[in-house]
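The data block below is structure-v3.txt; it holds compact mmCIF, C-alpha atoms.
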```
# COMPACT_ATOMS: atom_id res chain seq x y z
CA MET A 1 77.26 161.03 156.00
CA VAL A 2 80.62 159.47 155.37
CA ILE A 3 82.27 162.82 154.90
CA ASP A 4 81.04 164.00 158.31
CA GLU A 5 82.62 160.97 159.97
CA LEU A 6 85.90 161.65 158.19
CA ASP A 7 85.83 165.35 159.08
CA ALA A 8 85.13 164.57 162.73
CA LEU A 9 88.11 162.22 162.90
CA ARG A 10 90.39 164.68 161.17
CA ASP A 11 89.24 167.51 163.44
CA LYS A 12 90.04 165.43 166.52
CA TYR A 13 93.68 164.92 165.53
CA GLU A 14 95.72 167.98 164.72
CA GLY A 15 98.36 165.83 163.05
CA CYS A 16 95.88 164.20 160.68
CA ALA A 17 96.41 165.64 157.19
CA ALA A 18 94.00 163.62 155.03
CA LEU A 19 91.52 160.77 155.22
CA ALA A 20 90.16 158.72 152.36
CA PHE A 21 87.58 155.96 152.28
CA ALA A 22 88.32 153.43 149.55
CA ASP A 23 87.01 150.25 147.99
CA LEU A 24 89.71 147.63 147.55
CA SER A 25 87.70 145.58 145.03
CA THR A 26 87.81 148.42 142.52
CA LYS A 27 90.93 150.01 144.01
CA MET A 28 89.24 153.38 144.04
CA ILE A 29 89.05 156.19 146.57
CA LEU A 30 85.33 156.82 147.07
CA VAL A 31 85.39 159.87 149.31
CA THR A 32 87.85 162.03 151.23
CA ASP A 33 87.43 164.38 154.15
CA SER A 34 86.29 167.84 153.11
CA GLY A 35 89.62 169.50 153.94
CA SER A 36 91.73 167.17 151.86
CA ASN A 37 93.22 168.69 148.73
CA LEU A 38 95.12 165.66 147.43
CA ARG A 39 95.40 165.47 143.65
CA ARG A 40 94.03 162.52 141.74
CA GLU A 41 97.52 161.03 141.29
CA ALA A 42 98.17 161.18 145.02
CA LEU A 43 94.83 159.53 145.78
CA ASP A 44 95.55 156.78 143.27
CA ALA A 45 98.97 156.19 144.84
CA LEU A 46 97.44 156.11 148.32
CA CYS A 47 94.87 153.54 147.21
CA ALA A 48 97.54 151.45 145.48
CA GLU A 49 99.58 151.48 148.69
CA ALA A 50 96.54 150.35 150.68
CA ALA A 51 95.88 147.54 148.19
CA LEU A 52 99.49 146.37 148.41
CA LEU A 53 99.79 146.52 152.21
CA LEU A 54 96.36 145.05 152.99
CA GLY A 55 96.67 142.40 150.28
CA ALA A 56 93.79 143.34 147.99
CA ASN A 57 94.12 140.13 146.01
CA GLY A 58 94.49 137.96 149.09
CA LYS A 59 98.24 137.89 148.71
CA PRO A 60 100.12 139.18 151.78
CA ALA A 61 102.58 142.01 151.29
CA LEU A 62 104.97 140.25 153.66
CA ALA A 63 104.72 137.17 155.90
CA ASP A 64 101.79 134.72 155.92
CA LYS A 65 98.50 136.54 155.53
CA PRO A 66 96.98 139.96 154.93
CA GLY A 67 95.96 141.82 158.08
CA ASP A 68 93.44 144.52 158.89
CA LEU A 69 95.95 147.19 159.89
CA ALA A 70 99.05 148.32 158.08
CA SER A 71 101.17 151.42 158.39
CA VAL A 72 104.13 153.12 156.80
CA ALA A 73 106.17 155.58 158.82
CA SER A 74 108.56 157.84 156.99
CA ILE A 75 110.45 160.87 158.19
CA ALA A 76 107.61 163.17 157.13
CA GLN A 77 104.48 161.06 157.49
CA LEU A 78 102.70 158.22 159.19
CA ARG A 79 100.26 156.57 156.81
CA VAL A 80 97.75 154.16 158.33
CA PHE A 81 95.55 151.74 156.40
CA LEU A 82 92.61 150.00 158.05
CA ARG A 83 90.23 147.34 156.81
CA ALA A 84 86.63 147.23 158.03
CA GLN A 85 85.62 144.24 160.12
CA SER A 86 82.23 143.84 158.44
CA GLU A 87 83.26 144.45 154.83
CA PRO A 88 86.86 143.47 153.92
CA ASN A 89 86.92 145.68 150.84
CA ASP A 90 86.13 148.84 152.81
CA VAL A 91 89.33 150.52 153.86
CA LEU A 92 90.31 153.80 155.45
CA CYS A 93 93.52 155.45 154.29
CA CYS A 94 94.99 158.01 156.66
CA ILE A 95 97.84 160.45 156.14
CA CYS A 96 99.18 161.85 159.39
CA GLY A 97 102.11 163.90 160.57
CA PRO A 98 105.01 162.02 162.13
CA LYS A 99 104.34 163.04 165.76
CA MET A 100 101.05 161.23 166.10
CA ASP A 101 99.74 159.26 169.09
CA ALA A 102 99.45 156.18 166.89
CA ASP A 103 97.56 153.98 169.38
CA ALA A 104 94.89 156.57 170.10
CA PHE A 105 94.48 157.48 166.46
CA VAL A 106 94.17 153.89 165.28
CA ALA A 107 91.52 153.16 167.91
CA ASP A 108 89.42 156.13 166.81
CA ALA A 109 90.03 155.46 163.13
CA CYS A 110 88.87 151.84 163.52
CA ALA A 111 85.67 152.98 165.19
CA CYS A 112 85.14 155.59 162.47
CA LEU A 113 85.61 153.01 159.72
CA ASP A 114 83.25 150.55 161.35
CA ARG A 115 80.54 153.21 161.57
CA ILE A 116 81.04 154.12 157.91
CA SER A 117 81.15 150.55 156.71
CA SER A 118 78.12 149.37 158.63
CA GLY A 119 76.11 152.55 158.07
CA MET B 1 139.65 162.78 181.65
CA SER B 2 141.24 164.23 178.50
CA GLU B 3 139.76 167.21 176.70
CA PRO B 4 139.14 165.28 173.45
CA THR B 5 137.28 162.62 175.42
CA ALA B 6 135.18 165.22 177.19
CA LEU B 7 134.44 166.90 173.87
CA ALA B 8 133.49 163.55 172.31
CA GLU B 9 131.06 162.93 175.16
CA LYS B 10 129.47 166.35 174.72
CA LEU B 11 129.07 165.75 170.99
CA ALA B 12 127.59 162.34 171.68
CA THR B 13 125.10 163.94 174.05
CA LEU B 14 124.09 166.46 171.41
CA ALA B 15 123.79 163.69 168.83
CA SER B 16 121.63 161.50 171.01
CA LYS B 17 118.42 163.47 170.22
CA GLU B 18 117.12 163.56 173.79
CA THR B 19 113.43 164.28 173.86
CA LEU B 20 110.64 164.94 176.30
CA ASP B 21 108.25 162.26 177.43
CA ASP B 22 104.49 162.68 177.95
CA THR B 23 105.02 164.39 181.33
CA GLY B 24 107.43 166.94 179.91
CA ALA B 25 110.45 165.37 181.61
CA ARG B 26 113.56 164.95 179.51
CA ILE B 27 114.43 161.38 178.55
CA ILE B 28 118.11 160.74 179.27
CA SER B 29 118.31 156.95 178.98
CA GLU B 30 116.21 154.44 177.08
CA ALA B 31 116.69 150.71 176.84
CA GLY B 32 119.89 151.09 178.85
CA THR B 33 121.41 153.58 176.41
CA PRO B 34 123.32 155.28 177.82
CA ALA B 35 123.65 153.29 181.04
CA PRO B 36 121.42 154.97 183.68
CA ILE B 37 124.28 155.76 186.08
CA ALA B 38 126.30 157.26 183.20
CA ALA B 39 123.24 159.30 182.22
CA ILE B 40 122.87 160.61 185.77
CA LEU B 41 126.53 161.62 185.91
CA ARG B 42 126.17 163.32 182.55
CA GLU B 43 123.35 165.43 183.99
CA VAL B 44 125.45 166.28 187.02
CA ASP B 45 128.29 167.30 184.72
CA ASP B 46 125.90 169.62 182.87
CA THR B 47 124.72 171.29 186.10
CA VAL B 48 126.61 174.45 187.02
CA LEU B 49 124.18 176.35 189.24
CA GLU B 50 122.88 174.43 192.24
CA ARG B 51 119.82 172.36 191.36
CA CYS B 52 117.78 169.49 192.67
CA LEU B 53 117.82 166.94 189.86
CA THR B 54 114.83 164.62 189.93
CA PHE B 55 115.38 161.33 188.11
CA SER B 56 112.34 159.14 187.50
CA PHE B 57 111.29 155.87 185.96
CA GLY B 58 108.13 153.97 186.75
CA ASP B 59 107.33 154.46 190.43
CA THR B 60 110.93 155.26 191.34
CA THR B 61 112.16 158.80 191.99
CA ILE B 62 115.64 159.90 193.00
CA ASN B 63 116.33 163.49 194.06
CA ILE B 64 119.94 164.57 194.10
CA ILE B 65 121.62 167.89 194.74
CA ALA B 66 124.16 168.96 192.12
CA ALA B 67 126.15 172.15 191.67
CA GLY B 68 129.34 173.19 189.92
CA ARG B 69 129.35 169.95 187.89
CA ARG B 70 129.56 168.07 191.18
CA LEU B 71 127.23 165.64 192.89
CA ARG B 72 126.75 166.96 196.40
CA GLY B 73 124.58 164.08 197.53
CA ILE B 74 121.30 162.21 197.45
CA LEU B 75 118.47 164.25 198.94
CA SER B 76 115.68 161.65 198.95
CA VAL B 77 114.37 158.63 197.11
CA ILE B 78 111.01 157.01 196.42
CA PRO B 79 110.30 154.25 197.41
CA GLN B 80 111.79 155.33 200.68
CA SER B 81 115.11 153.82 201.72
CA ASP B 82 116.89 153.73 205.05
CA ALA B 83 120.31 154.03 203.40
CA ASP B 84 122.54 156.17 205.62
CA ILE B 85 124.01 158.06 202.67
CA ILE B 86 120.72 159.84 202.01
CA GLY B 87 121.02 163.43 203.18
CA HIS B 88 124.82 163.33 203.46
CA VAL B 89 127.30 165.23 201.33
CA LEU B 90 129.67 162.96 199.38
CA SER B 91 133.36 163.25 200.14
CA ARG B 92 136.43 161.50 198.77
CA GLU B 93 137.55 161.20 202.38
CA GLU B 94 134.65 158.87 203.04
CA PRO B 95 134.94 156.13 200.41
CA GLU B 96 132.30 153.99 202.13
CA GLY B 97 129.79 156.77 201.60
CA VAL B 98 130.81 157.17 197.95
CA GLN B 99 130.31 153.45 197.43
CA ALA B 100 127.00 153.50 199.32
CA ALA B 101 125.73 156.25 197.02
CA PHE B 102 126.64 154.19 193.97
CA ASP B 103 125.01 151.08 195.45
CA LEU B 104 121.81 152.97 196.18
CA LEU B 105 121.61 154.55 192.72
CA ASN B 106 122.48 151.29 191.03
CA ASP B 107 119.92 149.33 193.04
CA MET B 108 117.20 151.82 192.29
CA CYS B 109 117.78 152.63 188.64
CA GLY B 110 120.65 150.50 187.32
CA ASP B 111 118.27 148.56 185.09
CA ALA B 112 115.86 151.39 184.28
CA ASP B 113 114.70 151.17 180.69
CA HIS B 114 113.31 154.72 180.52
CA LEU B 115 114.97 157.30 182.77
CA THR B 116 113.93 160.94 182.82
CA VAL B 117 115.21 164.05 184.57
CA ARG B 118 113.81 167.37 185.71
CA ALA B 119 115.95 170.21 187.06
CA MET B 120 114.20 171.73 190.07
CA PRO B 121 115.17 174.58 192.40
CA PRO B 122 117.73 173.51 195.01
CA GLU B 123 116.76 172.54 198.52
CA PRO B 124 118.84 173.00 201.69
CA PHE B 125 121.49 170.29 201.78
CA GLY B 126 124.64 169.91 203.88
CA LYS B 127 126.89 172.79 204.75
CA GLY B 128 128.00 175.52 202.39
CA GLY B 129 131.62 174.36 202.19
CA GLU B 130 130.80 170.75 201.40
CA ARG B 131 131.03 170.61 197.63
CA GLY B 132 130.61 166.92 196.95
CA ILE B 133 132.51 165.13 194.16
CA SER B 134 132.79 166.07 190.48
CA ALA B 135 130.94 163.99 187.91
CA HIS B 136 134.23 163.12 186.27
CA GLY B 137 135.64 162.05 189.62
CA LEU B 138 132.65 159.81 190.26
CA THR B 139 132.94 158.33 186.78
CA GLU B 140 136.37 157.08 187.78
CA LEU B 141 135.52 156.17 191.38
CA TRP B 142 132.43 154.22 190.33
CA GLY B 143 134.03 152.69 187.25
CA VAL B 144 131.24 153.96 185.04
CA ALA B 145 131.88 153.61 181.34
CA ALA B 146 130.81 156.80 179.62
CA ASP B 147 129.27 156.07 176.24
CA ALA B 148 131.31 158.18 173.85
CA GLU B 149 129.07 157.29 170.93
CA PRO B 150 125.35 156.61 170.85
CA LYS B 151 124.26 153.27 169.45
CA PRO B 152 123.53 153.19 165.70
CA PRO B 153 119.88 154.07 164.94
CA MET B 154 118.72 150.54 164.13
CA GLU B 155 120.25 149.18 167.35
CA GLN B 156 118.54 151.97 169.29
CA PHE B 157 115.22 151.12 167.65
CA LEU B 158 115.54 147.41 168.41
CA GLY B 159 116.63 148.09 171.99
CA MET B 160 113.73 150.44 172.65
CA ASN B 161 111.21 147.89 171.39
CA ALA B 162 112.81 144.72 172.72
CA ALA B 163 109.87 143.99 175.01
CA ALA B 164 107.46 143.69 172.06
CA ILE B 165 109.79 141.98 169.59
CA SER B 166 109.95 138.19 169.54
CA SER B 167 112.33 137.65 166.62
CA VAL B 168 114.73 139.77 164.57
CA LEU B 169 116.64 139.49 161.33
CA HIS B 170 119.07 142.36 160.71
CA VAL B 171 120.55 142.71 157.23
CA ARG B 172 123.23 145.20 156.21
CA LYS B 173 124.42 145.59 152.64
CA GLY B 174 122.59 142.40 151.76
CA GLU B 175 124.33 140.32 154.42
CA ILE B 176 122.66 139.02 157.55
CA VAL B 177 124.52 140.63 160.46
CA SER B 178 122.40 139.40 163.36
CA LYS B 179 119.37 137.29 164.15
CA ALA B 180 117.48 136.45 167.30
CA GLY B 181 114.45 134.48 168.41
CA ASP B 182 112.57 132.24 166.00
CA PHE B 183 113.95 134.00 162.92
CA LYS B 184 113.31 131.34 160.26
CA ALA B 185 110.04 132.91 159.14
CA LEU B 186 111.84 136.23 158.83
CA GLN B 187 114.59 134.60 156.80
CA THR B 188 111.93 133.26 154.43
CA ILE B 189 110.50 136.76 154.07
CA TRP B 190 113.97 138.13 153.40
CA THR B 191 114.78 135.61 150.70
CA SER B 192 111.40 135.36 148.97
CA GLN B 193 109.33 138.50 149.60
CA VAL B 194 111.33 141.61 150.45
CA ASP B 195 112.66 142.49 147.01
CA ALA B 196 109.30 142.06 145.30
CA PHE B 197 107.54 144.02 148.02
CA ARG B 198 110.02 146.90 147.91
CA GLU B 199 109.74 147.12 144.14
CA ALA B 200 105.94 147.12 144.24
CA HIS B 201 105.87 149.57 147.15
CA LYS B 202 108.29 151.97 145.48
CA LYS B 203 105.76 152.49 142.69
CA THR B 204 103.26 153.85 145.21
CA LEU B 205 105.66 156.14 147.03
CA ARG B 206 105.95 158.91 144.43
CA GLY B 207 109.57 159.73 145.21
CA GLU B 208 109.41 159.44 149.00
CA GLU B 209 112.82 158.39 150.29
CA GLY B 210 114.66 157.91 153.55
CA ALA B 211 114.10 155.79 156.63
CA GLN B 212 110.89 153.84 156.60
CA LEU B 213 109.00 151.54 158.94
CA VAL B 214 106.34 149.25 157.48
CA CYS B 215 104.08 147.49 159.98
CA LEU B 216 101.61 144.73 159.14
CA GLU B 217 99.39 143.67 162.01
CA SER B 218 98.68 139.96 162.52
CA ALA B 219 100.68 139.07 159.42
CA PHE B 220 101.94 135.76 160.79
CA ASP B 221 99.83 132.64 161.17
CA ASP B 222 100.56 132.60 164.91
CA GLY B 223 98.91 136.04 165.25
CA SER B 224 102.05 138.08 165.70
CA SER B 225 102.69 141.11 163.55
CA ALA B 226 105.48 141.81 161.06
CA ALA B 227 107.52 144.95 160.58
CA MET B 228 110.23 145.94 158.17
CA ALA B 229 112.51 148.85 159.01
CA LEU B 230 114.62 150.42 156.29
CA TYR B 231 117.48 152.81 156.89
CA GLU B 232 120.27 153.51 154.42
CA ASP B 233 121.70 150.07 153.52
CA GLU B 234 120.04 148.29 156.43
CA VAL B 235 116.92 146.15 156.49
CA VAL B 236 115.50 144.88 159.76
CA LEU B 237 112.65 142.39 159.85
CA VAL B 238 110.91 141.71 163.13
CA ALA B 239 107.97 139.77 164.50
CA TYR B 240 106.28 141.75 167.27
CA GLN B 241 103.23 141.83 169.48
CA ALA B 242 100.56 144.25 168.26
CA GLU B 243 100.38 145.90 171.71
CA GLY B 244 103.79 147.39 170.97
CA PHE B 245 102.60 149.26 167.85
CA GLY B 246 102.26 152.73 169.39
CA HIS B 247 105.59 152.60 171.19
CA MET B 248 107.23 151.32 168.04
CA GLN B 249 105.90 154.30 166.10
CA SER B 250 106.90 156.91 168.67
CA SER B 251 110.38 155.45 169.12
CA TRP B 252 110.85 155.33 165.35
CA GLN B 253 110.02 159.00 165.05
CA ARG B 254 112.30 159.94 167.95
CA ILE B 255 115.24 158.16 166.37
CA PHE B 256 114.82 158.80 162.67
CA SER B 257 112.90 162.07 162.30
```

For the file at hand, write its structure as structure tokens.
Amino acid sequence: MVIDELDALRDKYEGCAALAFADLSTKMILVTDSGSNLRREALDALCAEAALLLGANGKPALADKPGDLASVASIAQLRVFLRAQSEPNDVLCCICGPKMDADAFVADACACLDRISSG
Amino acid sequence: MSEPTALAEKLATLASKETLDDTGARIISEAGTPAPIAAILREVDDTVLERCLTFSFGDTTINIIAAGRRLRGILSVIPQSDADIIGHVLSREEPEGVQAAFDLLNDMCGDADHLTVRAMPPEPFGKGGERGISAHGLTELWGVAADAEPKPPMEQFLGMNAAAISSVLHVRKGEIVSKAGDFKALQTIWTSQVDAFREAHKKTLRGEEGAQLVCLESAFDDGSSAAMALYEDEVVLVAYQAEGFGHMQSSWQRIFS
């Protein structure tokens, strides 16, 4: 179950506030972790941010080409966006607190996304 | 040292947002800011009751004894050294010893890029009447420039991530104020992509404002990653190695949160 994978990742990281699995081709959030209480508008904005940063239409946000990992750090949040290796339209959108171990989280989030996408 | 200068240094210390590293030790110097020897003397100046101050970076450890805002002497160092000054109380009457202490500290940690301190209980050192030399006195004797003001946030951020960054374009109020490395690709981004990206991104932010760091892994054709840092009227574009992502995030939060 996708939601179980998302819940397990969120439970592992205290600073993780919300996780959402999205499809870039339709620019829609398909499922969130069970503890997430984001409103529809917030989910739409999160998906739009993922589409922009990961280059949903093949156009890079900045520089030469879209990548598989993008992030936005603000004073209050670290948002991480990951693209699945096996299916480029499968993305994981993550909202975290600012004091996150970014390297460790990204490694686990990548593994989580790959399991979801290939499952 | 004048009172206003001393006060300015204290305020600078408070403004520098010192934090703890993963081991719980307090970070007192990063990327050479402030200079490690100045940072050590600042700790001595903040030590009233006798303490063993343990300074560390990498595999290097320096234990000194400080009390009454004075450096009494160097208790021990790792890696071990045969310097004669170790274990001896500093005295203005022995300038060779004062210089030897500076040389030892400078050799061991003068170029430390991440210096931490722990205040430990004191250990027996010298005789009771040997007080050592005040931190202010050593500042003058050693010719150490005390940093009255911390570097601006963007400079701190760039300094702390210099090892991962291969090129930089720093823009303030729309004008390029500095550039380094192979910056032409960054200049192209600045002139042709940044405005459109910021406008498009703003629509997704739902009112979020303030400092921001956008990272895009493997965004350049050569495999390097791109980042854009925004703070007030400053825009910094960098190309960096993806291995530096985690450190970039943690340093950003330390400086701007």

> Out of B:Cys215, B:Leu230, B:Ala162, B:Met108, which residue has the shortest atom-to-atom distance to chain A when counting only C-alpha atoms?
Replying inline: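 Ranked by minimum distance to chain A, first place goes to B:Cys215.
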
Neighbouring residues of range 111-116 of chain B were defined as those with any atom within 8 Å, considering only C-alpha atoms; residues of the same chain fewer than 2 positions away were excluded. Please report them as a PDB file with C-alpha atoms, in the coordinates of the input.
```pdb
ATOM      1  CA  ASP B  21     108.250 162.260 177.430  1.00  0.00           C
ATOM      2  CA  ALA B  25     110.450 165.370 181.610  1.00  0.00           C
ATOM      3  CA  ARG B  26     113.560 164.950 179.510  1.00  0.00           C
ATOM      4  CA  ILE B  27     114.430 161.380 178.550  1.00  0.00           C
ATOM      5  CA  ILE B  28     118.110 160.740 179.270  1.00  0.00           C
ATOM      6  CA  SER B  29     118.310 156.950 178.980  1.00  0.00           C
ATOM      7  CA  GLU B  30     116.210 154.440 177.080  1.00  0.00           C
ATOM      8  CA  ALA B  31     116.690 150.710 176.840  1.00  0.00           C
ATOM      9  CA  GLY B  32     119.890 151.090 178.850  1.00  0.00           C
ATOM     10  CA  PRO B  36     121.420 154.970 183.680  1.00  0.00           C
ATOM     11  CA  PHE B  55     115.380 161.330 188.110  1.00  0.00           C
ATOM     12  CA  SER B  56     112.340 159.140 187.500  1.00  0.00           C
ATOM     13  CA  PHE B  57     111.290 155.870 185.960  1.00  0.00           C
ATOM     14  CA  ASN B 106     122.480 151.290 191.030  1.00  0.00           C
ATOM     15  CA  MET B 108     117.200 151.820 192.290  1.00  0.00           C
ATOM     16  CA  CYS B 109     117.780 152.630 188.640  1.00  0.00           C
ATOM     17  CA  ARG B 118     113.810 167.370 185.710  1.00  0.00           C
TER      18      ARG B 118
END
```

> Smallest atom-to-atom distance to chain B: which of A:Leu30, A:Val72, A:Leu92, A:Val106, using only C-alpha atoms?
Replying inline: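 Under the stated criterion, the closest residue is A:Val72.
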
> Could you name the residues that touch range 119-133 of chain B at 8 Å or less, counting all atoms listed in the file, but leaving out those on the same chain fewer than 2 positions away, as a PyMOL selection string?
Replying inline: chain B and resi 50-54+65+67+70-73+75+87-92+117+135+137-138

>> Taking 6 positions as the minimum chain separation for residues in the same chain, which residues sit within 8 Å of Val77 in chain B when counting all atoms listed in the file? Answer as a PyMOL selection string.
In response: chain B and resi 60-63

Based on the selection just made, write C-alpha atoms of those residues as a PDB file, in the frame of the given file.
```
ATOM      1  CA  THR B  60     110.930 155.260 191.340  1.00  0.00           C
ATOM      2  CA  THR B  61     112.160 158.800 191.990  1.00  0.00           C
ATOM      3  CA  ILE B  62     115.640 159.900 193.000  1.00  0.00           C
ATOM      4  CA  ASN B  63     116.330 163.490 194.060  1.00  0.00           C
TER       5      ASN B  63
END
```

>> What does the structure give for the distance between CA of Gly68 in chain B and CA of Thr47 in chain B, in Å to one decimal?
In response: 6.3 Å

Put the listed atoms of range 84-98 of chain B in a box along x, y and z with 8 Å added on every side and give me the centre and edge lengths in Å to one decimal, as JSON.
```
{"center_x": 129.1, "center_y": 159.6, "center_z": 201.8, "size_x": 32.8, "size_y": 27.2, "size_z": 23.7}
```

What residues in chain A have any atom no more than 10 Å from chain B when counting only C-alpha atoms, and can you write them as a JSON list (two decimals) with C-alpha atoms, in the frame of the given file?
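Okay, this is what ended up in out_36.json:
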```
[["chain", "number", "residue", "atom", "x", "y", "z"],
["A", 41, "GLU", "CA", 97.52, 161.03, 141.29],
["A", 42, "ALA", "CA", 98.17, 161.18, 145.02],
["A", 44, "ASP", "CA", 95.55, 156.78, 143.27],
["A", 45, "ALA", "CA", 98.97, 156.19, 144.84],
["A", 46, "LEU", "CA", 97.44, 156.11, 148.32],
["A", 47, "CYS", "CA", 94.87, 153.54, 147.21],
["A", 48, "ALA", "CA", 97.54, 151.45, 145.48],
["A", 49, "GLU", "CA", 99.58, 151.48, 148.69],
["A", 50, "ALA", "CA", 96.54, 150.35, 150.68],
["A", 52, "LEU", "CA", 99.49, 146.37, 148.41],
["A", 53, "LEU", "CA", 99.79, 146.52, 152.21],
["A", 54, "LEU", "CA", 96.36, 145.05, 152.99],
["A", 60, "PRO", "CA", 100.12, 139.18, 151.78],
["A", 61, "ALA", "CA", 102.58, 142.01, 151.29],
["A", 62, "LEU", "CA", 104.97, 140.25, 153.66],
["A", 63, "ALA", "CA", 104.72, 137.17, 155.90],
["A", 64, "ASP", "CA", 101.79, 134.72, 155.92],
["A", 65, "LYS", "CA", 98.50, 136.54, 155.53],
["A", 66, "PRO", "CA", 96.98, 139.96, 154.93],
["A", 67, "GLY", "CA", 95.96, 141.82, 158.08],
["A", 68, "ASP", "CA", 93.44, 144.52, 158.89],
["A", 69, "LEU", "CA", 95.95, 147.19, 159.89],
["A", 70, "ALA", "CA", 99.05, 148.32, 158.08],
["A", 71, "SER", "CA", 101.17, 151.42, 158.39],
["A", 72, "VAL", "CA", 104.13, 153.12, 156.80],
["A", 73, "ALA", "CA", 106.17, 155.58, 158.82],
["A", 74, "SER", "CA", 108.56, 157.84, 156.99],
["A", 75, "ILE", "CA", 110.45, 160.87, 158.19],
["A", 76, "ALA", "CA", 107.61, 163.17, 157.13],
["A", 77, "GLN", "CA", 104.48, 161.06, 157.49],
["A", 78, "LEU", "CA", 102.70, 158.22, 159.19],
["A", 79, "ARG", "CA", 100.26, 156.57, 156.81],
["A", 80, "VAL", "CA", 97.75, 154.16, 158.33],
["A", 81, "PHE", "CA", 95.55, 151.74, 156.40],
["A", 98, "PRO", "CA", 105.01, 162.02, 162.13],
["A", 99, "LYS", "CA", 104.34, 163.04, 165.76],
["A", 100, "MET", "CA", 101.05, 161.23, 166.10],
["A", 101, "ASP", "CA", 99.74, 159.26, 169.09],
["A", 102, "ALA", "CA", 99.45, 156.18, 166.89],
["A", 103, "ASP", "CA", 97.56, 153.98, 169.38],
["A", 104, "ALA", "CA", 94.89, 156.57, 170.10],
["A", 105, "PHE", "CA", 94.48, 157.48, 166.46],
["A", 106, "VAL", "CA", 94.17, 153.89, 165.28]]
```

Excluding same-chain residues fewer than 5 positions from Leu24 in chain A, what lies within 7 Å of it counting only C-alpha atoms, as a short mmCIF file (atom, residue, chain, number, x, y, z; two decimals) with C-alpha atoms, in the frame of the given file?
```cif
data_model
loop_
_atom_site.label_atom_id
_atom_site.label_comp_id
_atom_site.auth_asym_id
_atom_site.auth_seq_id
_atom_site.Cartn_x
_atom_site.Cartn_y
_atom_site.Cartn_z
CA ALA A 51 95.88 147.54 148.19
CA ALA A 56 93.79 143.34 147.99
CA ASN A 89 86.92 145.68 150.84
CA ASP A 90 86.13 148.84 152.81
CA VAL A 91 89.33 150.52 153.86
#
```

>> Given the point (125.6, 151.2, 190.9) in the coordinates of this file, which residues lie within 12 Å, counting only C-alpha atoms, and how would they look as a VMD selection string?
In response: chain B and resid 35 to 38 40 to 41 98 to 112 138 to 139 141 to 145

> At what distance in Å, to one decimal, does CA of Ile78 in chain B lie from CA of Val48 in chain B?
Replying inline: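 Taking CA of Val48 in chain B and CA of Ile78 in chain B, their separation equals 25.2 Å.
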
>> As an exercise, work out the distance from CA of Asn37 in chain A to CA of Leu113 in chain A in Å and give it to one decimal place.
In response: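 Between CA of Asn37 in chain A and CA of Leu113 in chain A the gap is 20.6 Å.
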
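Distances to Ala8 in chain A were evaluated for A:Ser34, A:Lys59, A:Ser118, A:Arg40 using only C-alpha atoms, and the minimum falls at A:Ser34.
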
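Remark: for Asp33 in chain A, the closest of the candidate residues A:Glu5, A:Asp114, A:Asp108, A:Glu87 is A:Glu5 (distances computed over only C-alpha atoms).
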